[in-house]
Amino acid sequence: MKIIEKALAFVGLLSLCALFIYALQDAPTDENFEKKLINDYNVYAIQVPDDLEFSGEPLPLKNPDILERMDRELLVNTYWQSNGLLMFKRANKYFPVIEPILKKNGIPDDFKYLAVIESGLTNVVSPAGARGVWQIMPATAKENGLEVNDNVDERYNLEKSTEVACKYLLDAKNNLGSWTLAAAAYNAGNAGVARRLREQNVTDYYDLLLGEETGRYLFRIVALKEILSHPAKYGFNFREKDLYQEVPTYKVKVDSAVTDFTKFAEGFGINYKILKLHNPWLREPHLNNKSRKMYEIDIPKEGYYN
């Protein structure tokens with residue numbers, strides 16, 4: 001009996017030694033850490049890059065508070081993999097529309113990532129009533145020439161709403177002095193950011209004590225910029241054919257009422273659903289147009305839909 005007990009104890013000791021050796025071999029090292037970071041399902045700490053910036057304005061990452069806040073957003077957005085992959089797919093489809101409008105208006109290219117965190121590049125509706133990819137409120141839209149009513153809501157027109165976002169951002173930059181503060185103002189308003197700067201006697205976004213949403217806002221933008229700019233570095237693997245593609249369209253001008261968009265669509269070889277996909281700003285199955293305004297309706301080119 002004692003011989004059996006000794007044998008079992010010996011076997012147990014060997015097993016523990018084997019497990020210990022395996023654990024040491026599997027533990028992350030400087031050499032294997034980056035290899036394992038890609039193409040596996042383990043969770044790793046992420047090194048915050050030293051040179052992060054937004055629109056040419058560097059983040060003060062030597063400040064421990066700023067470093068921790070940036071680290072949080074990189075972690076949250078890296079390990080929310082399904083959402084991350086959707087952002088890569090949609091960005092491929094919508095960034096080519098947004099980028100030239102930003103450039104034309106003198107807005108830094110980094111602001112396309114603001115649209116990503118505002119809406120996920122979808123036409124969402126906020127509890128406060130903001131709508132579209134750029135999440136524009138009704139009053140802001142109307143002040144900037146967009147039509148907003150039950151029949152037509154041009155906040156859902158990506159080209160026109162991007163133009164309005166550009167006007168807002170330029171005004172915020174002129175009022176507040178930096179692109180970083182302009183981005184914060186897109187979330188909290190020009191007056192709100194200006195008031196907090198005065199109250200706290202500071203001039204920089206990173207020195208402000210802000211509420212949860214606005215306090216995270218800029219860091220979320222920079223995190224999405226970093227991740228979308230370096231997919232493999234953050235473990236996102238895809239092929240070009242996995243990304244969403246924009247269907248080319250041509251514009252049809254309409255300066256009268258349209259009583260039935262189903263019949264209108266059929267005249268161009270598509271159905272009502274396809275017409276709405278390309279023109280979400282048309283909110284009803286007809287167009288009133290009592291003022292005989294000139295509208296441009298996007299029609300997909302032949303061969304993309306059955």
# chains A, B, ... in the order shown; residues from 1 in each chain; ligands from 1
call {"tool": "residues_around", "arguments": {"residues": "segment 247-260 of chain A", "least_positions_apart": "5", "cutoff": "9 Å", "atoms": "only C-alpha atoms", "output": "PDB file with C-alpha atoms, in the first residue's frame"}}
result
ATOM      1  CA  LYS A  93     -18.389  52.516 -48.256  1.00  0.00           C
ATOM      2  CA  ALA A 265     -38.791  53.674 -59.015  1.00  0.00           C
ATOM      3  CA  HIS A 278     -30.170  55.374 -51.804  1.00  0.00           C
ATOM      4  CA  PRO A 285     -43.849  57.233 -50.394  1.00  0.00           C
ATOM      5  CA  HIS A 286     -44.607  60.492 -52.213  1.00  0.00           C
ATOM      6  CA  LEU A 287     -43.070  63.954 -52.625  1.00  0.00           C
ATOM      7  CA  ASN A 288     -45.260  66.988 -51.936  1.00  0.00           C
ATOM      8  CA  ASN A 289     -43.006  69.700 -53.390  1.00  0.00           C
ATOM      9  CA  LYS A 290     -45.584  72.471 -53.399  1.00  0.00           C
ATOM     10  CA  SER A 291     -42.820  75.047 -53.848  1.00  0.00           C
ATOM     11  CA  ARG A 292     -41.462  73.249 -56.945  1.00  0.00           C
ATOM     12  CA  LYS A 293     -38.029  72.978 -55.373  1.00  0.00           C
ATOM     13  CA  MET A 294     -35.339  71.209 -57.401  1.00  0.00           C
ATOM     14  CA  TYR A 295     -34.417  67.879 -55.800  1.00  0.00           C
ATOM     15  CA  GLU A 296     -31.761  65.418 -56.924  1.00  0.00           C
ATOM     16  CA  ILE A 297     -32.689  61.769 -56.467  1.00  0.00           C
ATOM     17  CA  ASP A 298     -29.962  59.115 -56.587  1.00  0.00           C
ATOM     18  CA  ILE A 299     -30.657  56.187 -58.903  1.00  0.00           C
ATOM     19  CA  PRO A 300     -28.297  53.179 -58.872  1.00  0.00           C
ATOM     20  CA  LYS A 301     -26.634  52.311 -62.144  1.00  0.00           C
ATOM     21  CA  GLU A 302     -27.758  49.153 -63.908  1.00  0.00           C
ATOM     22  CA  TYR A 304     -25.980  46.123 -59.250  1.00  0.00           C
TER      23      TYR A 304
END
call {"tool": "residues_around", "arguments": {"residues": "segment 192-199 of chain A", "least_positions_apart": "3", "cutoff": "10 Å", "atoms": "only C-alpha atoms", "output": "MDAnalysis selection string"}}
result
chainID A and resid 172 175:176 181:182 184:189 202:205 207:210 214
call {"tool": "write_last_selection", "arguments": {"atoms": "N, CA and C atoms", "output": "JSON list (two decimals), in the first residue's frame"}}
result
[["chain", "number", "residue", "atom", "x", "y", "z"],
["A", 172, "ALA", "N", -17.00, 76.48, -34.80],
["A", 172, "ALA", "CA", -16.48, 76.12, -33.48],
["A", 172, "ALA", "C", -14.98, 76.36, -33.39],
["A", 175, "ASN", "N", -14.35, 80.02, -32.99],
["A", 175, "ASN", "CA", -14.76, 80.52, -31.66],
["A", 175, "ASN", "C", -13.86, 80.04, -30.54],
["A", 176, "LEU", "N", -13.40, 78.80, -30.61],
["A", 176, "LEU", "CA", -12.73, 78.16, -29.48],
["A", 176, "LEU", "C", -11.22, 78.03, -29.66],
["A", 181, "LEU", "N", -11.04, 71.35, -29.40],
["A", 181, "LEU", "CA", -12.20, 71.98, -28.76],
["A", 181, "LEU", "C", -13.40, 72.03, -29.71],
["A", 182, "ALA", "N", -13.13, 72.17, -31.01],
["A", 182, "ALA", "CA", -14.22, 72.15, -31.99],
["A", 182, "ALA", "C", -14.91, 70.79, -31.98],
["A", 184, "ALA", "N", -15.04, 68.73, -29.40],
["A", 184, "ALA", "CA", -15.80, 68.66, -28.15],
["A", 184, "ALA", "C", -17.10, 69.46, -28.26],
["A", 185, "ALA", "N", -17.03, 70.61, -28.96],
["A", 185, "ALA", "CA", -18.22, 71.44, -29.13],
["A", 185, "ALA", "C", -19.27, 70.76, -29.98],
["A", 186, "TYR", "N", -18.86, 69.85, -30.86],
["A", 186, "TYR", "CA", -19.84, 69.12, -31.66],
["A", 186, "TYR", "C", -20.73, 68.26, -30.76],
["A", 187, "ASN", "N", -20.17, 67.85, -29.63],
["A", 187, "ASN", "CA", -20.93, 67.05, -28.68],
["A", 187, "ASN", "C", -21.65, 67.91, -27.64],
["A", 188, "ALA", "N", -20.97, 68.91, -27.10],
["A", 188, "ALA", "CA", -21.52, 69.67, -25.98],
["A", 188, "ALA", "C", -22.01, 71.07, -26.36],
["A", 189, "GLY", "N", -21.79, 71.48, -27.60],
["A", 189, "GLY", "CA", -22.21, 72.81, -28.04],
["A", 189, "GLY", "C", -21.13, 73.86, -27.84],
["A", 202, "VAL", "N", -9.29, 77.58, -17.89],
["A", 202, "VAL", "CA", -8.32, 76.83, -18.70],
["A", 202, "VAL", "C", -8.60, 77.12, -20.17],
["A", 203, "THR", "N", -7.70, 76.68, -21.04],
["A", 203, "THR", "CA", -7.86, 76.96, -22.47],
["A", 203, "THR", "C", -7.79, 75.69, -23.32],
["A", 204, "ASP", "N", -7.66, 74.53, -22.67],
["A", 204, "ASP", "CA", -7.40, 73.30, -23.40],
["A", 204, "ASP", "C", -8.40, 72.21, -23.01],
["A", 205, "TYR", "N", -8.84, 71.42, -23.98],
["A", 205, "TYR", "CA", -9.78, 70.33, -23.73],
["A", 205, "TYR", "C", -9.27, 69.37, -22.65],
["A", 207, "ASP", "N", -7.50, 69.86, -20.14],
["A", 207, "ASP", "CA", -7.48, 70.42, -18.79],
["A", 207, "ASP", "C", -8.88, 70.58, -18.21],
["A", 208, "LEU", "N", -9.90, 70.31, -19.01],
["A", 208, "LEU", "CA", -11.27, 70.50, -18.57],
["A", 208, "LEU", "C", -11.80, 69.30, -17.79],
["A", 209, "LEU", "N", -12.56, 69.57, -16.74],
["A", 209, "LEU", "CA", -13.36, 68.55, -16.09],
["A", 209, "LEU", "C", -14.73, 68.57, -16.75],
["A", 210, "LEU", "N", -15.08, 67.47, -17.40],
["A", 210, "LEU", "CA", -16.30, 67.41, -18.20],
["A", 210, "LEU", "C", -17.16, 66.23, -17.77],
["A", 214, "THR", "N", -18.92, 63.89, -22.91],
["A", 214, "THR", "CA", -17.99, 64.81, -23.55],
["A", 214, "THR", "C", -16.56, 64.55, -23.11]]
call {"tool": "closest_residue", "arguments": {"among": "A:Pro108, A:Pro100, A:Gly129, A:Gly120", "to": "Glu159 of chain A", "atoms": "only C-alpha atoms"}}
result
A:Pro100
call {"tool": "select_by_dssp", "arguments": {"residues": "segment 212-274 of chain A", "states": "strand (DSSP E or B)", "output": "PDB file with all heavy atoms, in the first residue's frame"}}
result
ATOM      1  N   THR A 249     -24.154  55.637 -58.474  1.00  0.00           N
ATOM      2  CA  THR A 249     -25.473  56.164 -58.807  1.00  0.00           C
ATOM      3  C   THR A 249     -25.342  57.336 -59.770  1.00  0.00           C
ATOM      4  O   THR A 249     -24.263  57.874 -59.984  1.00  0.00           O
ATOM      5  CB  THR A 249     -26.207  56.648 -57.549  1.00  0.00           C
ATOM      6  OG1 THR A 249     -25.452  57.714 -56.949  1.00  0.00           O
ATOM      7  CG2 THR A 249     -26.393  55.522 -56.542  1.00  0.00           C
ATOM      8  N   TYR A 250     -26.459  57.716 -60.333  1.00  0.00           N
ATOM      9  CA  TYR A 250     -26.547  58.967 -61.079  1.00  0.00           C
ATOM     10  C   TYR A 250     -27.742  59.738 -60.536  1.00  0.00           C
ATOM     11  O   TYR A 250     -28.635  59.166 -59.902  1.00  0.00           O
ATOM     12  CB  TYR A 250     -26.687  58.715 -62.589  1.00  0.00           C
ATOM     13  CG  TYR A 250     -27.911  57.933 -63.005  1.00  0.00           C
ATOM     14  CD1 TYR A 250     -29.079  58.589 -63.416  1.00  0.00           C
ATOM     15  CD2 TYR A 250     -27.913  56.537 -63.001  1.00  0.00           C
ATOM     16  CE1 TYR A 250     -30.204  57.881 -63.814  1.00  0.00           C
ATOM     17  CE2 TYR A 250     -29.020  55.825 -63.391  1.00  0.00           C
ATOM     18  CZ  TYR A 250     -30.166  56.495 -63.792  1.00  0.00           C
ATOM     19  OH  TYR A 250     -31.284  55.790 -64.171  1.00  0.00           O
ATOM     20  N   LYS A 251     -27.754  61.045 -60.760  1.00  0.00           N
ATOM     21  CA  LYS A 251     -28.778  61.889 -60.159  1.00  0.00           C
ATOM     22  C   LYS A 251     -29.867  62.243 -61.178  1.00  0.00           C
ATOM     23  O   LYS A 251     -29.569  62.608 -62.311  1.00  0.00           O
ATOM     24  CB  LYS A 251     -28.148  63.154 -59.584  1.00  0.00           C
ATOM     25  CG  LYS A 251     -27.201  62.855 -58.421  1.00  0.00           C
ATOM     26  CD  LYS A 251     -26.714  64.123 -57.742  1.00  0.00           C
ATOM     27  CE  LYS A 251     -25.723  63.809 -56.621  1.00  0.00           C
ATOM     28  NZ  LYS A 251     -26.339  63.038 -55.533  1.00  0.00           N
ATOM     29  N   VAL A 252     -31.082  62.135 -60.715  1.00  0.00           N
ATOM     30  CA  VAL A 252     -32.247  62.524 -61.513  1.00  0.00           C
ATOM     31  C   VAL A 252     -32.866  63.755 -60.865  1.00  0.00           C
ATOM     32  O   VAL A 252     -33.198  63.739 -59.673  1.00  0.00           O
ATOM     33  CB  VAL A 252     -33.284  61.377 -61.581  1.00  0.00           C
ATOM     34  CG1 VAL A 252     -34.573  61.862 -62.238  1.00  0.00           C
ATOM     35  CG2 VAL A 252     -32.707  60.187 -62.332  1.00  0.00           C
ATOM     36  N   LYS A 253     -33.000  64.827 -61.618  1.00  0.00           N
ATOM     37  CA  LYS A 253     -33.553  66.062 -61.078  1.00  0.00           C
ATOM     38  C   LYS A 253     -35.080  66.042 -61.144  1.00  0.00           C
ATOM     39  O   LYS A 253     -35.664  65.651 -62.153  1.00  0.00           O
ATOM     40  CB  LYS A 253     -33.005  67.264 -61.842  1.00  0.00           C
ATOM     41  CG  LYS A 253     -31.503  67.466 -61.627  1.00  0.00           C
ATOM     42  CD  LYS A 253     -31.001  68.724 -62.305  1.00  0.00           C
ATOM     43  CE  LYS A 253     -29.514  68.936 -61.994  1.00  0.00           C
ATOM     44  NZ  LYS A 253     -28.990  70.187 -62.589  1.00  0.00           N
ATOM     45  N   VAL A 254     -35.703  66.455 -60.046  1.00  0.00           N
ATOM     46  CA  VAL A 254     -37.163  66.477 -59.949  1.00  0.00           C
ATOM     47  C   VAL A 254     -37.581  67.830 -59.382  1.00  0.00           C
ATOM     48  O   VAL A 254     -37.132  68.208 -58.289  1.00  0.00           O
ATOM     49  CB  VAL A 254     -37.681  65.342 -59.040  1.00  0.00           C
ATOM     50  CG1 VAL A 254     -39.178  65.465 -58.814  1.00  0.00           C
ATOM     51  CG2 VAL A 254     -37.340  63.983 -59.625  1.00  0.00           C
ATOM     52  N   VAL A 258     -44.201  64.178 -56.732  1.00  0.00           N
ATOM     53  CA  VAL A 258     -44.202  62.765 -57.152  1.00  0.00           C
ATOM     54  C   VAL A 258     -45.271  62.081 -56.310  1.00  0.00           C
ATOM     55  O   VAL A 258     -45.161  61.998 -55.091  1.00  0.00           O
ATOM     56  CB  VAL A 258     -42.834  62.099 -56.921  1.00  0.00           C
ATOM     57  CG1 VAL A 258     -42.887  60.619 -57.295  1.00  0.00           C
ATOM     58  CG2 VAL A 258     -41.744  62.804 -57.715  1.00  0.00           C
TER      59      VAL A 258
END
call {"tool": "residues_around", "arguments": {"residues": "Ile98 of chain A", "least_positions_apart": "6", "cutoff": "9 Å", "atoms": "only C-alpha atoms", "output": "list in words"}}
result
Lys112, Leu158, Glu159 and Thr162 of chain A
call {"tool": "write_last_selection", "arguments": {"atoms": "C-alpha atoms", "output": "mmCIF file, in the first residue's frame"}}
result
data_model
loop_
_atom_site.group_PDB
_atom_site.id
_atom_site.type_symbol
_atom_site.label_atom_id
_atom_site.label_comp_id
_atom_site.auth_asym_id
_atom_site.auth_seq_id
_atom_site.Cartn_x
_atom_site.Cartn_y
_atom_site.Cartn_z
ATOM 1 C CA LYS A 112 -14.462 61.564 -40.495
ATOM 2 C CA LEU A 158 -25.017 62.219 -46.402
ATOM 3 C CA GLU A 159 -23.575 64.835 -48.754
ATOM 4 C CA THR A 162 -21.635 66.563 -44.146
#
call {"tool": "atom_distance", "arguments": {"atom1": "atom CA of Lys89 of chain A", "atom2": "atom CA of Leu102 of chain A"}}
result
20.4 Å
call {"tool": "residues_around", "arguments": {"residues": "Ile117 of chain A", "least_positions_apart": "4", "cutoff": "7 Å", "atoms": "only C-alpha atoms", "output": "list in words"}}
result
Tyr113, Arg220 and Ile221 of chain A
call {"tool": "closest_residue", "arguments": {"among": "A:Gln245, A:Asn149, A:Asn42, A:Asn174", "to": "Phe95 of chain A", "atoms": "only C-alpha atoms"}}
result
A:Gln245
call {"tool": "closest_atom_pairs", "arguments": {"of": "segment 73-169 of chain A", "to": "segment 45-62 of chain A", "cutoff": "9 Å", "atoms": "only C-alpha atoms", "output": "tab-separated table"}}
result
residue	atom	partner	partner_atom	distance
A:Leu74	CA	A:Ile46	CA	7.4
A:Leu75	CA	A:Ile46	CA	6.8
A:Thr78	CA	A:Ile46	CA	8.9
A:Ile107	CA	A:Ser55	CA	8.9
A:Pro108	CA	A:Ser55	CA	5.7
A:Asp109	CA	A:Ser55	CA	7.4
A:Asp110	CA	A:Ser55	CA	5.8
A:Phe111	CA	A:Ser55	CA	7.9
call {"tool": "residues_around", "arguments": {"residues": "Lys142 of chain A", "least_positions_apart": "2", "cutoff": "12 Å", "atoms": "only C-alpha atoms", "output": "number ranges by chain"}}
result
A: 136-140, 144-149, 153-155, 160-161, 164
call {"tool": "write_last_selection", "arguments": {"atoms": "C-alpha atoms", "output": "CSV table (one decimal), in the first residue's frame"}}
result
chain,number,residue,atom,x,y,z
A,136,ILE,CA,-27.8,66.9,-36.5
A,137,MET,CA,-30.6,68.5,-34.5
A,138,PRO,CA,-33.6,69.9,-36.3
A,139,ALA,CA,-32.8,73.6,-35.4
A,140,THR,CA,-29.2,73.3,-36.6
A,144,ASN,CA,-28.0,75.8,-42.3
A,145,GLY,CA,-30.5,75.4,-45.1
A,146,LEU,CA,-31.6,71.8,-44.7
A,147,GLU,CA,-35.2,70.9,-45.2
A,148,VAL,CA,-36.7,69.0,-42.2
A,149,ASN,CA,-40.3,67.9,-42.2
A,153,ASP,CA,-35.6,65.3,-44.0
A,154,GLU,CA,-32.2,66.2,-45.5
A,155,ARG,CA,-30.3,65.3,-42.4
A,160,LYS,CA,-25.8,67.7,-47.5
A,161,SER,CA,-25.4,66.8,-43.8
A,164,VAL,CA,-23.6,71.3,-42.5
